[in-house]
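Structure data (PDB, C-alpha atoms, pLDDT in the B column) from protein-v4.pdb:
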ATOM      1  CA  MET A   1       8.887 -10.923 -13.813  1.00 96.00           C
ATOM      2  CA  ALA A   2       8.526  -8.095 -11.271  1.00 96.00           C
ATOM      3  CA  TYR A   3       4.804  -7.864 -12.052  1.00 97.00           C
ATOM      4  CA  LEU A   4       4.300 -11.592 -11.527  1.00 98.00           C
ATOM      5  CA  VAL A   5       6.171 -11.598  -8.227  1.00 98.00           C
ATOM      6  CA  GLY A   6       4.209  -8.527  -7.083  1.00 98.00           C
ATOM      7  CA  ILE A   7       0.890 -10.174  -7.956  1.00 98.00           C
ATOM      8  CA  ALA A   8       1.877 -13.396  -6.213  1.00 98.00           C
ATOM      9  CA  LEU A   9       3.232 -11.708  -3.097  1.00 98.00           C
ATOM     10  CA  GLY A  10       0.254  -9.354  -2.811  1.00 98.00           C
ATOM     11  CA  ALA A  11      -2.133 -12.303  -3.031  1.00 98.00           C
ATOM     12  CA  ILE A  12      -0.119 -14.380  -0.563  1.00 98.00           C
ATOM     13  CA  VAL A  13       0.006 -11.559   2.006  1.00 98.00           C
ATOM     14  CA  CYS A  14      -3.749 -10.935   1.747  1.00 98.00           C
ATOM     15  CA  VAL A  15      -4.799 -14.574   1.865  1.00 98.00           C
ATOM     16  CA  PHE A  16      -2.382 -15.262   4.723  1.00 98.00           C
ATOM     17  CA  ALA A  17      -3.792 -12.281   6.648  1.00 97.00           C
ATOM     18  CA  THR A  18      -7.314 -13.637   6.181  1.00 97.00           C
ATOM     19  CA  ILE A  19      -6.433 -17.218   7.126  1.00 97.00           C
ATOM     20  CA  VAL A  20      -4.568 -16.158  10.266  1.00 97.00           C
ATOM     21  CA  GLY A  21      -7.126 -13.470  11.106  1.00 95.00           C
ATOM     22  CA  LEU A  22      -4.787 -10.484  10.932  1.00 95.00           C
ATOM     23  CA  ASP A  23      -7.149  -8.556   8.686  1.00 92.00           C
ATOM     24  CA  ARG A  24     -10.031  -8.784  11.172  1.00 88.00           C
ATOM     25  CA  ASP A  25      -8.384  -5.824  12.861  1.00 87.00           C
ATOM     26  CA  ARG A  26      -8.930  -2.465  11.135  1.00 91.00           C
ATOM     27  CA  ALA A  27      -5.257  -1.672  11.669  1.00 94.00           C
ATOM     28  CA  PHE A  28      -3.884  -4.296   9.276  1.00 96.00           C
ATOM     29  CA  TYR A  29      -4.342  -2.601   5.890  1.00 97.00           C
ATOM     30  CA  PRO A  30      -3.539   0.913   7.188  1.00 97.00           C
ATOM     31  CA  THR A  31      -0.277  -0.473   8.541  1.00 97.00           C
ATOM     32  CA  VAL A  32       0.452  -2.103   5.185  1.00 97.00           C
ATOM     33  CA  LEU A  33      -0.116   1.220   3.395  1.00 97.00           C
ATOM     34  CA  ILE A  34       2.147   3.080   5.824  1.00 97.00           C
ATOM     35  CA  VAL A  35       4.932   0.534   5.400  1.00 97.00           C
ATOM     36  CA  ILE A  36       4.816   0.422   1.604  1.00 96.00           C
ATOM     37  CA  ALA A  37       4.776   4.236   1.412  1.00 95.00           C
ATOM     38  CA  ALA A  38       7.777   4.422   3.759  1.00 96.00           C
ATOM     39  CA  TYR A  39       9.912   2.270   1.452  1.00 96.00           C
ATOM     40  CA  TYR A  40      10.532   5.300  -0.758  1.00 95.00           C
ATOM     41  CA  ALA A  41      12.130   7.091   2.211  1.00 96.00           C
ATOM     42  CA  LEU A  42      14.330   4.038   2.722  1.00 96.00           C
ATOM     43  CA  PHE A  43      15.345   4.104  -0.932  1.00 96.00           C
ATOM     44  CA  ALA A  44      16.242   7.807  -0.708  1.00 95.00           C
ATOM     45  CA  VAL A  45      18.447   7.128   2.327  1.00 96.00           C
ATOM     46  CA  MET A  46      20.046   4.128   0.596  1.00 95.00           C
ATOM     47  CA  GLY A  47      20.729   6.300  -2.463  1.00 95.00           C
ATOM     48  CA  GLY A  48      22.293   8.997  -0.296  1.00 94.00           C
ATOM     49  CA  ALA A  49      19.893  11.599  -1.683  1.00 92.00           C
ATOM     50  CA  PRO A  50      18.658  14.081   0.931  1.00 94.00           C
ATOM     51  CA  GLY A  51      16.752  15.992  -1.761  1.00 95.00           C
ATOM     52  CA  ALA A  52      14.937  12.821  -2.744  1.00 96.00           C
ATOM     53  CA  LEU A  53      14.114  12.142   0.902  1.00 96.00           C
ATOM     54  CA  ALA A  54      12.544  15.596   1.179  1.00 96.00           C
ATOM     55  CA  ALA A  55      10.601  15.069  -2.049  1.00 96.00           C
ATOM     56  CA  GLU A  56       9.476  11.570  -1.011  1.00 96.00           C
ATOM     57  CA  SER A  57       8.152  12.896   2.306  1.00 96.00           C
ATOM     58  CA  ILE A  58       5.315  14.735   0.535  1.00 97.00           C
ATOM     59  CA  PRO A  59       3.618  11.686  -1.038  1.00 97.00           C
ATOM     60  CA  ILE A  60       4.459   9.621   2.048  1.00 97.00           C
ATOM     61  CA  ALA A  61       2.476  12.144   4.122  1.00 98.00           C
ATOM     62  CA  GLY A  62      -0.418  11.823   1.668  1.00 97.00           C
ATOM     63  CA  PHE A  63      -0.494   8.048   1.955  1.00 97.00           C
ATOM     64  CA  LEU A  64      -0.221   8.356   5.739  1.00 98.00           C
ATOM     65  CA  LEU A  65      -3.327  10.549   5.618  1.00 98.00           C
ATOM     66  CA  PHE A  66      -5.202   7.904   3.590  1.00 98.00           C
ATOM     67  CA  ALA A  67      -4.121   5.262   6.126  1.00 98.00           C
ATOM     68  CA  ILE A  68      -5.408   7.338   9.033  1.00 97.00           C
ATOM     69  CA  LEU A  69      -8.703   8.175   7.293  1.00 97.00           C
ATOM     70  CA  GLY A  70      -9.186   4.525   6.393  1.00 96.00           C
ATOM     71  CA  PHE A  71      -8.475   3.358   9.919  1.00 95.00           C
ATOM     72  CA  LYS A  72     -10.524   6.003  11.702  1.00 95.00           C
ATOM     73  CA  TRP A  73     -13.395   6.531   9.296  1.00 95.00           C
ATOM     74  CA  ASN A  74     -13.825   4.314   6.235  1.00 95.00           C
ATOM     75  CA  LEU A  75     -11.794   1.454   4.771  1.00 96.00           C
ATOM     76  CA  TRP A  76     -12.565   2.659   1.239  1.00 97.00           C
ATOM     77  CA  PHE A  77      -9.853   5.269   1.842  1.00 97.00           C
ATOM     78  CA  LEU A  78      -7.472   2.322   2.162  1.00 97.00           C
ATOM     79  CA  VAL A  79      -8.646   0.845  -1.128  1.00 98.00           C
ATOM     80  CA  VAL A  80      -8.045   4.213  -2.804  1.00 98.00           C
ATOM     81  CA  GLY A  81      -4.730   4.648  -0.965  1.00 98.00           C
ATOM     82  CA  LEU A  82      -3.415   1.224  -1.975  1.00 98.00           C
ATOM     83  CA  ALA A  83      -4.519   1.598  -5.592  1.00 98.00           C
ATOM     84  CA  GLY A  84      -3.230   5.184  -5.584  1.00 97.00           C
ATOM     85  CA  HIS A  85       0.132   3.996  -4.352  1.00 97.00           C
ATOM     86  CA  GLY A  86       0.208   1.593  -7.285  1.00 95.00           C
ATOM     87  CA  VAL A  87      -0.404   4.522  -9.651  1.00 96.00           C
ATOM     88  CA  PHE A  88       2.284   6.473  -7.802  1.00 96.00           C
ATOM     89  CA  ASP A  89       4.705   3.576  -8.384  1.00 93.00           C
ATOM     90  CA  PHE A  90       3.887   3.754 -12.095  1.00 93.00           C
ATOM     91  CA  VAL A  91       4.636   7.495 -12.394  1.00 96.00           C
ATOM     92  CA  HIS A  92       7.223   7.820  -9.611  1.00 94.00           C
ATOM     93  CA  ALA A  93      10.333   8.041 -11.795  1.00 92.00           C
ATOM     94  CA  GLY A  94       8.796  10.871 -13.807  1.00 94.00           C
ATOM     95  CA  VAL A  95       7.911  12.837 -10.677  1.00 94.00           C
ATOM     96  CA  ILE A  96      10.740  12.234  -8.186  1.00 95.00           C
ATOM     97  CA  THR A  97      14.370  11.437  -8.913  1.00 94.00           C
ATOM     98  CA  ASP A  98      15.435   8.918  -6.289  1.00 95.00           C
ATOM     99  CA  PRO A  99      18.650   7.042  -7.112  1.00 95.00           C
ATOM    100  CA  GLY A 100      18.011   4.443  -4.415  1.00 95.00           C
ATOM    101  CA  VAL A 101      14.864   2.983  -6.019  1.00 96.00           C
ATOM    102  CA  PRO A 102      15.686  -0.401  -7.580  1.00 96.00           C
ATOM    103  CA  SER A 103      14.621  -0.642 -11.218  1.00 94.00           C
ATOM    104  CA  TRP A 104      12.345  -3.606 -10.460  1.00 96.00           C
ATOM    105  CA  TRP A 105      10.561  -1.896  -7.540  1.00 95.00           C
ATOM    106  CA  PRO A 106       7.939   0.218  -9.370  1.00 95.00           C
ATOM    107  CA  PRO A 107       6.413  -2.668 -11.384  1.00 97.00           C
ATOM    108  CA  PHE A 108       6.653  -5.035  -8.407  1.00 97.00           C
ATOM    109  CA  CYS A 109       5.021  -2.591  -5.990  1.00 96.00           C
ATOM    110  CA  LEU A 110       2.394  -1.503  -8.538  1.00 97.00           C
ATOM    111  CA  ALA A 111       1.251  -5.105  -8.968  1.00 98.00           C
ATOM    112  CA  CYS A 112       1.343  -5.844  -5.245  1.00 98.00           C
ATOM    113  CA  ASP A 113      -0.558  -2.658  -4.342  1.00 98.00           C
ATOM    114  CA  VAL A 114      -3.307  -3.215  -6.892  1.00 98.00           C
ATOM    115  CA  VAL A 115      -3.811  -6.826  -5.799  1.00 98.00           C
ATOM    116  CA  MET A 116      -4.116  -5.724  -2.175  1.00 98.00           C
ATOM    117  CA  ALA A 117      -6.539  -2.918  -3.100  1.00 98.00           C
ATOM    118  CA  VAL A 118      -8.742  -5.321  -5.068  1.00 98.00           C
ATOM    119  CA  TYR A 119      -8.628  -7.907  -2.274  1.00 98.00           C
ATOM    120  CA  LEU A 120      -9.578  -5.343   0.376  1.00 97.00           C
ATOM    121  CA  ALA A 121     -12.403  -4.045  -1.826  1.00 97.00           C
ATOM    122  CA  ALA A 122     -13.659  -7.618  -2.230  1.00 97.00           C
ATOM    123  CA  LEU A 123     -13.609  -8.160   1.552  1.00 96.00           C
ATOM    124  CA  ILE A 124     -15.663  -4.990   2.043  1.00 95.00           C
ATOM    125  CA  LEU A 125     -18.126  -5.794  -0.742  1.00 96.00           C
ATOM    126  CA  MET A 126     -18.599  -9.366   0.532  1.00 95.00           C
ATOM    127  CA  GLY A 127     -19.319  -8.031   4.019  1.00 92.00           C
ATOM    128  CA  ARG A 128     -16.287  -9.717   5.608  1.00 91.00           C
ATOM    129  CA  LEU A 129     -15.057  -6.308   6.752  1.00 89.00           C
ATOM    130  CA  SER A 130     -17.172  -3.303   7.609  1.00 89.00           C
ATOM    131  CA  ALA A 131     -16.070  -0.237   5.662  1.00 87.00           C
ATOM    132  CA  THR A 132     -16.950   2.147   8.462  1.00 89.00           C
ATOM    133  CA  SER A 133     -15.672   2.096  12.014  1.00 75.00           C
ATOM    134  CA  ARG A 134     -18.365   1.306  14.527  1.00 64.00           C
TER     135      ARG A 134
END
Translate the structure described by the file into structure tokens.
Amino acid sequence: MAYLVGIALGAIVCVFATIVGLDRDRAFYPTVLIVIAAYYALFAVMGGAPGALAAESIPIAGFLLFAILGFKWNLWFLVVGLAGHGVFDFVHAGVITDPGVPSWWPPFCLACDVVMAVYLAALILMGRLSATSR
């Protein structure tokens, strides 16, 4: 069920952003990546695990870097960052112990992230968004 909801929500967010015009701005998908990466910090705080918060800050910084590179230089960094975050969701429990992460979150976020990565890649390939900043 978490996968289905993640797929649906990822698609809804992307299509909504296109219909309203939010994704015409280069800042939309970088902001999305920053927010979804930051959820793991929230989960660590909710779980009362300072060690987890410290551990989560390392991948969060990596995804922040992908967001900045995508915004400033090339949107393909965002595609890789979103898809990479989905992979991170898949392996997260084996890498970082964070008691605040809900059991349904990794499959939900994996599905949502991959849908958004594919959608952004499609926008770039169709020429609706320019990969490079001008």
message: If we count all atoms listed in the file and set the cut-off at 12 Å, which residues sit around Leu64 (chain A), ignoring sequence neighbours fewer than 6 positions away in its own chain? Please answer as a VMD selection string.
response: chain A and resid 29 to 38 57 to 58 70 to 71 77 to 78 81 to 82 85
message: Report as a ChimeraX atom specification all protein, DNA and RNA residues lying within 10 Å of Thr97 (chain A), evaluated on only C-alpha atoms, omitting residues in the same chain fewer than 4 positions from it.
response: /A:44,49,51-53,55-56,92-93,101
Nearest to Leu125 (chain A), chosen from A:Cys14, A:Leu75, A:Ala2, A:Ile96, with only C-alpha atoms counted in the distances: A:Leu75
message: I'd like the contact shell of Ser103 (chain A) - 12 Å cut-off, all atoms listed in the file, skipping same-chain residues fewer than 3 positions apart - returned as a ChimeraX atom specification.
response: /A:2,43,89-90,92-93,98-100,106-109
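Of the residues under consideration (A:Tyr3, A:Leu123, A:Arg128, A:Ala27), A:Ala27 shows the shortest atom-to-atom contact distance to Lys72 (chain A) when counting all atoms listed in the file.
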Distance in Å - CA of Gly86 (chain A) versus CA of Met126 (chain A):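 These atoms are spaced 23.1 Å apart.
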task: Report as number ranges by chain the full result of the PyMOL selection byres ((chain A and resi 24) around 12) when it is applied to this structure.
output: A: 14, 16-23, 25-29, 120, 123-124, 127-131
- prompt: Please, what distance in Å, to one decimal, runs between CA of Pro50 (chain A) and CA of Val91 (chain A)?
  reply: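 Here the two named atoms are 20.4 Å from each other.
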Nearest residue to Ala111 (chain A) from the set A:Gly84, A:Pro59, A:Gly94, A:Gly47 (distances using all atoms listed in the file):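 Nearest candidate to Ala111 (chain A) out of A:Gly84, A:Pro59, A:Gly94, A:Gly47: A:Gly84.
Among the candidate residues A:Asn74, A:Val80, A:Cys112, A:Tyr40, the one lying nearest to Ala8 (chain A) is A:Cys112, with distances computed using only C-alpha atoms.
Straight-line separation from CA of Ala117 (chain A) to CA of Ala83 (chain A): 5.5 Å.
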